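> Sending over entry06.json (JSON, C-alpha atoms).
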```json
[["chain", "number", "residue", "atom", "x", "y", "z"],
["D", 1, "MET", "CA", 111.88, 108.68, 129.22],
["D", 2, "ASP", "CA", 110.57, 105.11, 129.01],
["D", 3, "THR", "CA", 111.97, 102.72, 126.40],
["D", 4, "PHE", "CA", 108.84, 102.81, 124.25],
["D", 5, "SER", "CA", 108.99, 106.61, 123.94],
["D", 6, "HIS", "CA", 112.58, 106.34, 122.75],
["D", 7, "ILE", "CA", 111.71, 103.65, 120.20],
["D", 8, "LYS", "CA", 108.61, 105.57, 119.13],
["D", 9, "ALA", "CA", 110.77, 108.63, 118.42],
["D", 10, "VAL", "CA", 113.10, 106.72, 116.09],
["D", 11, "ILE", "CA", 110.16, 105.02, 114.35],
["D", 12, "SER", "CA", 108.43, 108.40, 113.96],
["D", 13, "ILE", "CA", 111.47, 109.97, 112.33],
["D", 14, "THR", "CA", 111.88, 107.13, 109.83],
["D", 15, "LEU", "CA", 108.16, 106.95, 109.16],
["D", 16, "GLY", "CA", 108.06, 110.72, 108.67],
["D", 17, "LEU", "CA", 110.91, 110.53, 106.17],
["D", 18, "SER", "CA", 109.07, 107.76, 104.30],
["D", 19, "ILE", "CA", 105.84, 109.75, 104.04],
["D", 20, "THR", "CA", 107.79, 112.89, 103.12],
["D", 21, "HIS", "CA", 109.48, 111.03, 100.28],
["D", 22, "LEU", "CA", 106.13, 109.86, 98.90],
["D", 23, "LEU", "CA", 104.45, 113.26, 99.22],
["D", 24, "LYS", "CA", 107.44, 115.10, 97.75],
["D", 25, "GLY", "CA", 107.55, 112.70, 94.79],
["D", 26, "ALA", "CA", 103.83, 113.03, 94.16],
["D", 27, "ALA", "CA", 103.99, 116.82, 94.45],
["D", 28, "LYS", "CA", 106.85, 116.92, 91.92],
["D", 29, "GLN", "CA", 104.62, 115.11, 89.42],
["D", 30, "ILE", "CA", 101.92, 117.74, 89.93],
["D", 31, "GLN", "CA", 104.37, 120.63, 89.75],
["D", 32, "HIS", "CA", 106.08, 119.39, 86.58],
["D", 33, "PRO", "CA", 103.73, 116.97, 84.77],
["D", 34, "GLY", "CA", 105.47, 117.46, 81.44],
["D", 35, "ARG", "CA", 108.98, 116.87, 82.76],
["D", 36, "ASP", "CA", 108.59, 113.29, 83.97],
["D", 37, "LYS", "CA", 105.44, 111.63, 82.71],
["D", 38, "PRO", "CA", 103.49, 110.06, 85.60],
["D", 39, "TYR", "CA", 102.37, 106.43, 85.41],
["D", 40, "TRP", "CA", 99.10, 105.46, 87.05],
["D", 41, "VAL", "CA", 100.30, 102.04, 88.29],
["D", 42, "HIS", "CA", 103.30, 103.71, 89.92],
["D", 43, "ASN", "CA", 101.01, 106.31, 91.49],
["D", 44, "LEU", "CA", 98.73, 103.59, 92.87],
["D", 45, "TRP", "CA", 101.76, 101.88, 94.45],
["D", 46, "THR", "CA", 102.55, 105.26, 96.01],
["D", 47, "LEU", "CA", 99.02, 105.41, 97.44],
["D", 48, "TYR", "CA", 99.35, 101.82, 98.66],
["D", 49, "MET", "CA", 102.61, 102.61, 100.45],
["D", 50, "PHE", "CA", 101.07, 105.70, 102.03],
["D", 51, "ILE", "CA", 98.17, 103.62, 103.39],
["D", 52, "LEU", "CA", 100.55, 100.86, 104.48],
["D", 53, "LEU", "CA", 102.67, 103.38, 106.41],
["D", 54, "LEU", "CA", 99.62, 104.73, 108.21],
["D", 55, "HIS", "CA", 98.52, 101.18, 108.98],
["D", 56, "PHE", "CA", 102.01, 100.34, 110.25],
["D", 57, "TRP", "CA", 101.96, 103.31, 112.60],
["D", 58, "TRP", "CA", 98.56, 102.27, 113.94],
["D", 59, "TRP", "CA", 99.80, 98.72, 114.58],
["D", 60, "GLU", "CA", 102.95, 99.88, 116.32],
["D", 61, "ILE", "CA", 100.98, 101.41, 119.19],
["D", 62, "SER", "CA", 100.96, 97.90, 120.68],
["D", 63, "LEU", "CA", 104.71, 98.17, 121.25],
["D", 64, "HIS", "CA", 103.91, 100.15, 124.42],
["D", 65, "GLU", "CA", 102.83, 96.87, 126.04],
["D", 66, "ILE", "CA", 106.40, 95.56, 125.94],
["D", 67, "LYS", "CA", 107.91, 96.46, 129.31],
["D", 68, "HIS", "CA", 111.45, 95.15, 128.80],
["D", 69, "TRP", "CA", 113.24, 95.82, 125.52],
["D", 70, "LEU", "CA", 116.35, 94.11, 124.27],
["D", 71, "PHE", "CA", 118.65, 95.84, 121.80],
["D", 72, "ALA", "CA", 117.95, 93.06, 119.28],
["D", 73, "GLU", "CA", 114.22, 93.90, 119.32],
["D", 74, "TYR", "CA", 114.94, 97.60, 119.01],
["D", 75, "PHE", "CA", 117.33, 96.97, 116.11],
["D", 76, "PHE", "CA", 114.78, 94.70, 114.42],
["D", 77, "ILE", "CA", 112.01, 97.32, 114.60],
["D", 78, "ILE", "CA", 114.34, 99.91, 113.07],
["D", 79, "ILE", "CA", 115.35, 97.55, 110.24],
["D", 80, "TYR", "CA", 111.67, 96.77, 109.67],
["D", 81, "ILE", "CA", 110.68, 100.45, 109.26],
["D", 82, "VAL", "CA", 113.75, 101.04, 107.06],
["D", 83, "THR", "CA", 112.33, 98.51, 104.59],
["D", 84, "TYR", "CA", 109.31, 100.77, 104.15],
["D", 85, "TYR", "CA", 111.53, 103.82, 103.72],
["D", 86, "SER", "CA", 113.55, 101.93, 101.11],
["D", 87, "VAL", "CA", 110.46, 101.14, 99.03],
["D", 88, "CYS", "CA", 109.37, 104.80, 99.24],
["D", 89, "ALA", "CA", 112.84, 105.96, 98.16],
["D", 90, "LEU", "CA", 112.80, 103.51, 95.27],
["D", 91, "LEU", "CA", 109.39, 104.71, 94.11],
["D", 92, "TYR", "CA", 110.72, 108.25, 93.75],
["D", 93, "PRO", "CA", 114.34, 108.55, 92.67],
["D", 94, "ASP", "CA", 116.15, 111.88, 92.83],
["D", 95, "ASP", "CA", 115.89, 112.14, 89.05],
["D", 96, "LEU", "CA", 114.71, 110.17, 86.04],
["D", 97, "LYS", "CA", 117.48, 111.20, 83.63],
["D", 98, "ASP", "CA", 118.33, 107.60, 82.78],
["D", 99, "TYR", "CA", 114.68, 106.66, 82.12],
["D", 100, "GLN", "CA", 111.96, 107.72, 79.69],
["D", 101, "ASP", "CA", 109.33, 108.23, 82.39],
["D", 102, "TYR", "CA", 107.94, 106.73, 85.61],
["D", 103, "LYS", "CA", 106.65, 103.70, 83.73],
["D", 104, "ASP", "CA", 110.10, 102.88, 82.41],
["D", 105, "TYR", "CA", 111.64, 103.54, 85.82],
["D", 106, "PHE", "CA", 109.06, 101.47, 87.72],
["D", 107, "TYR", "CA", 109.55, 98.35, 85.62],
["D", 108, "SER", "CA", 113.33, 98.71, 85.61],
["D", 109, "ARG", "CA", 113.33, 98.83, 89.44],
["D", 110, "ARG", "CA", 110.49, 96.39, 90.13],
["D", 111, "LYS", "CA", 112.90, 93.67, 91.32],
["D", 112, "TRP", "CA", 114.21, 95.94, 94.08],
["D", 113, "ILE", "CA", 110.81, 97.37, 94.95],
["D", 114, "PHE", "CA", 109.08, 94.01, 95.25],
["D", 115, "SER", "CA", 112.03, 92.28, 96.93],
["D", 116, "ILE", "CA", 112.01, 94.81, 99.73],
["D", 117, "LEU", "CA", 108.21, 95.05, 99.93],
["D", 118, "GLY", "CA", 108.00, 91.25, 100.02],
["D", 119, "ALA", "CA", 110.57, 91.13, 102.83],
["D", 120, "SER", "CA", 108.46, 93.62, 104.80],
["D", 121, "TYR", "CA", 105.59, 91.12, 104.99],
["D", 122, "LEU", "CA", 107.89, 88.50, 106.49],
["D", 123, "LEU", "CA", 109.34, 91.05, 108.91],
["D", 124, "ASP", "CA", 105.79, 91.98, 109.91],
["D", 125, "ILE", "CA", 105.22, 88.45, 111.16],
["D", 126, "ILE", "CA", 108.25, 88.75, 113.45],
["D", 127, "ASP", "CA", 107.12, 92.23, 114.55],
["D", 128, "THR", "CA", 103.76, 90.78, 115.54],
["D", 129, "GLU", "CA", 105.45, 88.01, 117.53],
["D", 130, "ILE", "CA", 107.56, 90.59, 119.41],
["D", 131, "LYS", "CA", 104.36, 92.22, 120.64],
["D", 132, "GLY", "CA", 103.49, 89.04, 122.53],
["D", 133, "PRO", "CA", 101.01, 86.17, 122.55],
["D", 134, "SER", "CA", 97.96, 88.23, 123.48],
["D", 135, "TYR", "CA", 98.58, 90.47, 120.48],
["D", 136, "VAL", "CA", 99.20, 87.53, 118.14],
["D", 137, "HIS", "CA", 95.96, 85.82, 119.19],
["D", 138, "HIS", "CA", 94.00, 89.00, 118.55],
["D", 139, "TYR", "CA", 94.32, 88.28, 114.81],
["D", 140, "ASN", "CA", 92.80, 85.26, 113.18],
["D", 141, "ILE", "CA", 94.20, 82.95, 110.50],
["D", 142, "GLU", "CA", 93.72, 85.70, 107.91],
["D", 143, "TYR", "CA", 96.81, 87.55, 109.18],
["D", 144, "PRO", "CA", 99.45, 84.92, 108.34],
["D", 145, "ILE", "CA", 97.64, 84.08, 105.09],
["D", 146, "ARG", "CA", 97.67, 87.78, 104.17],
["D", 147, "ASN", "CA", 101.37, 88.16, 104.83],
["D", 148, "ILE", "CA", 102.45, 84.95, 103.13],
["D", 149, "SER", "CA", 100.24, 85.54, 100.08],
["D", 150, "HIS", "CA", 101.48, 89.15, 99.78],
["D", 151, "PHE", "CA", 105.06, 87.89, 100.01],
["D", 152, "ILE", "CA", 104.43, 85.30, 97.27],
["D", 153, "LEU", "CA", 102.72, 87.89, 95.05],
["D", 154, "CYS", "CA", 105.70, 90.22, 95.48],
["D", 155, "MET", "CA", 108.05, 87.41, 94.46],
["D", 156, "ILE", "CA", 105.90, 86.82, 91.35],
["D", 157, "ALA", "CA", 105.92, 90.58, 90.63],
["D", 158, "ILE", "CA", 109.73, 90.44, 90.54],
["D", 159, "LYS", "CA", 109.61, 87.95, 87.68],
["D", 160, "VAL", "CA", 106.60, 89.24, 85.74],
["D", 161, "GLU", "CA", 106.95, 92.36, 83.63],
["D", 162, "ASN", "CA", 103.43, 92.20, 82.19],
["D", 163, "ARG", "CA", 101.79, 95.62, 82.60],
["D", 164, "LYS", "CA", 98.30, 94.18, 83.10],
["D", 165, "PHE", "CA", 99.55, 91.90, 85.88],
["D", 166, "HIS", "CA", 101.05, 94.87, 87.75],
["D", 167, "ALA", "CA", 97.91, 96.95, 87.24],
["D", 168, "VAL", "CA", 95.69, 94.20, 88.64],
["D", 169, "LEU", "CA", 98.15, 93.49, 91.46],
["D", 170, "VAL", "CA", 98.22, 97.06, 92.78],
["D", 171, "ILE", "CA", 94.42, 97.33, 92.58],
["D", 172, "LEU", "CA", 94.07, 94.06, 94.51],
["D", 173, "PHE", "CA", 96.61, 95.16, 97.13],
["D", 174, "LEU", "CA", 94.81, 98.49, 97.60],
["D", 175, "ALA", "CA", 91.34, 96.92, 97.80],
["D", 176, "TYR", "CA", 92.49, 94.26, 100.21],
["D", 177, "GLU", "CA", 94.39, 96.70, 102.46],
["D", 178, "ALA", "CA", 91.37, 99.02, 102.66],
["D", 179, "SER", "CA", 89.11, 96.06, 103.48],
["D", 180, "TYR", "CA", 91.58, 94.70, 106.04],
["D", 181, "ILE", "CA", 91.91, 98.03, 107.85],
["D", 182, "LEU", "CA", 88.16, 98.61, 107.91],
["D", 183, "ARG", "CA", 87.51, 95.11, 109.28],
["D", 184, "LEU", "CA", 90.24, 95.29, 111.94],
["D", 185, "PHE", "CA", 89.71, 98.80, 113.21]]
```
Show how you would write the structure in this file as C-alpha cells.

Amino acid sequence: MDTFSHIKAVISITLGLSITHLLKGAAKQIQHPGRDKPYWVHNLWTLYMFILLLHFWWWEISLHEIKHWLFAEYFFIIIYIVTYYSVCALLYPDDLKDYQDYKDYFYSRRKWIFSILGASYLLDIIDTEIKGPSYVHHYNIEYPIRNISHFILCMIAIKVENRKFHAVLVILFLAYEASYILRLF
C-alpha cells in the first residue's frame, strides 16, 4: 500500500464519522421534532459543515501528488480533519438536557464552535502549502483572502451573540462556499 492510500484511509474514517454525526443529528430532529426544538440557524450551520466536508474531501485528492510523506505532515492532516469532526460533534451533542433547545445550545457553545471552525481556516492554509507550489499557485489571491476573512468572521462570531448577526453570517458562508465551489470546479 502506498503512503497516500494509508493516509486516505484515516482521513476517510474521520470524515465518515463527521458526516455520520451531522446526518444522525439531523435525523434525530426529524424523528423527534417535539423533543428538542430545531433552530434554523443551527441547521444551516449543519448544512454548511456538510458542504465543507465534501469540499475538503475533494481538495484532499491532491495529496496523492506528494511522493514522500513525513510523520509530521501525516499528523498535521489528521489534526486538521479532527477539527472538522469536533465542530460536527459540537453541533450535535449527545443530549440537550441542560438546554432549552438547539437555539439555546448553539449560542451557549458558539465560542467552541467558532474557535475550532476558525482554526480550520488557518490549518487549511498549511494543508494547501503541504500539497506543494504547483497546487498553491493554482489558486489566486481569493484563496488566502477567503481563509483569513472566514477566520476573522469566526473570531467575531465568538464575541457576538446577536441572533441576526449569526443568521446573516451562516447565509453568507453558505452562499460564498457554493459560489467558491462552482467557480473552482
> Once you count all atoms listed in the file, what closest atom pair and distance in Å to one decimal does each residue of stretch 63-157 of chain D within 7 Å of stretch 5-16 of chain D have, with rows by chain and rising residue number, as a Markdown table?

```
| residue | atom | partner | partner_atom | distance |
| --- | --- | --- | --- | --- |
| D:Tyr74 | CA | D:Ile7 | CA | 7.0 |
| D:Ile78 | CA | D:Ile11 | CA | 6.7 |
| D:Ile81 | CA | D:Thr14 | CA | 6.8 |
| D:Val82 | CA | D:Thr14 | CA | 6.9 |
| D:Tyr85 | CA | D:Thr14 | CA | 7.0 |
```
> Calculate how many Å separate atom CA of D:Phe151 from atom CA of D:Tyr121, rounding to one decimal.
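So the two atoms, atom CA of D:Phe151 and atom CA of D:Tyr121, lie 6.0 Å apart.
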> Would you tabulate, counting all atoms listed in the file, all residues of stretch 87-179 of chain D that have an atom at most 6 Å from an atom of stretch 32-45 of chain D, showing the closest pair of atoms and their distance in Å to one decimal, sorted by chain then ascending number, as a Markdown table?

```
| residue | atom | partner | partner_atom | distance |
| --- | --- | --- | --- | --- |
| D:Asp101 | CA | D:Lys37 | CA | 5.2 |
| D:Tyr102 | CA | D:Pro38 | CA | 5.6 |
| D:Lys103 | CA | D:Tyr39 | CA | 5.3 |
| D:Ala167 | CA | D:Val41 | CA | 5.7 |
```
> At what distance in Å, to one decimal, does atom CA of D:Leu22 lie from atom CA of D:Asp94?
11.9 Å
> Identify the residues around (106.4, 87.9, 111.9) within a radius of 12 Å, measuring from all atoms listed in the file in the coordinates stated by the file, and give them as a VMD selection string.
chain D and resid 76 to 77 80 119 to 132 135 to 136 143 to 148 151
> For a test of reading the model, state the distance in Å between atom CA of D:Glu177 and atom CA of D:Gly25, rounded to one decimal.
22.1 Å
> I'd like the neighbourhood of D:Phe185 as a CSV table (one decimal) with C-alpha atoms, in the coordinates of the input, where a residue qualifies if any of its atoms comes within 10 Å (using all atoms listed in the file), though same-chain residues fewer than 4 positions away should be ignored.

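Result saved to out_16.csv:
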```
chain,number,residue,atom,x,y,z
D,58,TRP,CA,98.6,102.3,113.9
D,180,TYR,CA,91.6,94.7,106.0
D,181,ILE,CA,91.9,98.0,107.8
```
> Between D:Phe56, D:Phe173, D:Leu117, D:Ala157, which residue has the minimum interatomic distance to D:Thr83, considering all atoms listed in the file?
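The shortest atom-to-atom distance to D:Thr83 comes from D:Leu117.
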> Can you pull out the residues contacting D:Lys159? Cut-off 10 Å, using only C-alpha atoms, and skip same-chain residues under 3 positions away; I want them as a compact mmCIF listing (two decimals) with C-alpha atoms, keeping the file's coordinate frame.

```
# COMPACT_ATOMS: atom_id res chain seq x y z
CA ARG D 110 110.49 96.39 90.13
CA LYS D 111 112.90 93.67 91.32
CA PHE D 114 109.08 94.01 95.25
CA CYS D 154 105.70 90.22 95.48
CA MET D 155 108.05 87.41 94.46
CA ILE D 156 105.90 86.82 91.35
CA ASN D 162 103.43 92.20 82.19
```
> Could you write out as AutoDock Vina command-line options the box around stretch 90-95 of chain D (axis-aligned, all atoms listed in the file, 6 Å on each side), with centre and edge lengths in Å to one decimal?

```
--center_x 112.8 --center_y 107.8 --center_z 92.2 --size_x 18.8 --size_y 20.6 --size_z 18.2
```
> Residues near D:Tyr105, anyone? I mean within 10 Å using only C-alpha atoms, not counting same-chain ones fewer than 5 positions away, as a ChimeraX atom specification.
/D:39,42,90-93,96-100,110
> With all atoms listed in the file as the atoms that count, which of D:Ile61, D:Ile116, D:Ala27, D:Leu174 lies nearest to D:Tyr84?
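Among the listed residues, the smallest separation from D:Tyr84 belongs to D:Ile116.
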> Would you pull stretch 96-107 of chain D out of the block just shown and save N, CA, C and O atoms as a PDB file, in the first residue's frame?

```
ATOM      1  N   LEU D  96     -29.633  17.215  24.989  1.00  0.00           N
ATOM      2  CA  LEU D  96     -29.836  18.643  25.246  1.00  0.00           C
ATOM      3  C   LEU D  96     -30.467  18.884  26.615  1.00  0.00           C
ATOM      4  O   LEU D  96     -31.095  19.916  26.830  1.00  0.00           O
ATOM      5  N   LYS D  97     -30.289  17.965  27.523  1.00  0.00           N
ATOM      6  CA  LYS D  97     -30.964  18.048  28.833  1.00  0.00           C
ATOM      7  C   LYS D  97     -30.668  19.352  29.574  1.00  0.00           C
ATOM      8  O   LYS D  97     -31.515  19.848  30.308  1.00  0.00           O
ATOM      9  N   ASP D  98     -29.488  19.879  29.402  1.00  0.00           N
ATOM     10  CA  ASP D  98     -29.111  21.108  30.113  1.00  0.00           C
ATOM     11  C   ASP D  98     -29.508  22.380  29.372  1.00  0.00           C
ATOM     12  O   ASP D  98     -29.167  23.480  29.813  1.00  0.00           O
ATOM     13  N   TYR D  99     -30.207  22.240  28.253  1.00  0.00           N
ATOM     14  CA  TYR D  99     -30.539  23.386  27.401  1.00  0.00           C
ATOM     15  C   TYR D  99     -32.024  23.350  27.048  1.00  0.00           C
ATOM     16  O   TYR D  99     -32.645  22.298  27.025  1.00  0.00           O
ATOM     17  N   GLN D 100     -32.570  24.512  26.725  1.00  0.00           N
ATOM     18  CA  GLN D 100     -33.979  24.595  26.351  1.00  0.00           C
ATOM     19  C   GLN D 100     -34.240  23.948  24.996  1.00  0.00           C
ATOM     20  O   GLN D 100     -35.234  23.265  24.795  1.00  0.00           O
ATOM     21  N   ASP D 101     -33.332  24.223  24.044  1.00  0.00           N
ATOM     22  CA  ASP D 101     -33.490  23.745  22.680  1.00  0.00           C
ATOM     23  C   ASP D 101     -32.169  23.949  21.941  1.00  0.00           C
ATOM     24  O   ASP D 101     -31.168  24.338  22.543  1.00  0.00           O
ATOM     25  N   TYR D 102     -32.179  23.715  20.622  1.00  0.00           N
ATOM     26  CA  TYR D 102     -30.950  23.872  19.842  1.00  0.00           C
ATOM     27  C   TYR D 102     -30.485  25.325  19.765  1.00  0.00           C
ATOM     28  O   TYR D 102     -29.299  25.594  19.657  1.00  0.00           O
ATOM     29  N   LYS D 103     -31.407  26.247  19.833  1.00  0.00           N
ATOM     30  CA  LYS D 103     -31.030  27.666  19.828  1.00  0.00           C
ATOM     31  C   LYS D 103     -30.214  27.985  21.081  1.00  0.00           C
ATOM     32  O   LYS D 103     -29.123  28.562  20.994  1.00  0.00           O
ATOM     33  N   ASP D 104     -30.733  27.615  22.209  1.00  0.00           N
ATOM     34  CA  ASP D 104     -30.040  27.829  23.482  1.00  0.00           C
ATOM     35  C   ASP D 104     -28.685  27.135  23.475  1.00  0.00           C
ATOM     36  O   ASP D 104     -27.660  27.711  23.858  1.00  0.00           O
ATOM     37  N   TYR D 105     -28.666  25.901  23.015  1.00  0.00           N
ATOM     38  CA  TYR D 105     -27.405  25.145  22.956  1.00  0.00           C
ATOM     39  C   TYR D 105     -26.390  25.809  22.030  1.00  0.00           C
ATOM     40  O   TYR D 105     -25.224  25.987  22.387  1.00  0.00           O
ATOM     41  N   PHE D 106     -26.847  26.169  20.825  1.00  0.00           N
ATOM     42  CA  PHE D 106     -25.944  26.759  19.822  1.00  0.00           C
ATOM     43  C   PHE D 106     -25.243  28.003  20.368  1.00  0.00           C
ATOM     44  O   PHE D 106     -24.022  28.133  20.274  1.00  0.00           O
ATOM     45  N   TYR D 107     -26.005  28.904  20.953  1.00  0.00           N
ATOM     46  CA  TYR D 107     -25.393  30.146  21.448  1.00  0.00           C
ATOM     47  C   TYR D 107     -24.545  29.913  22.686  1.00  0.00           C
ATOM     48  O   TYR D 107     -23.562  30.624  22.908  1.00  0.00           O
TER      49      TYR D 107
END
```
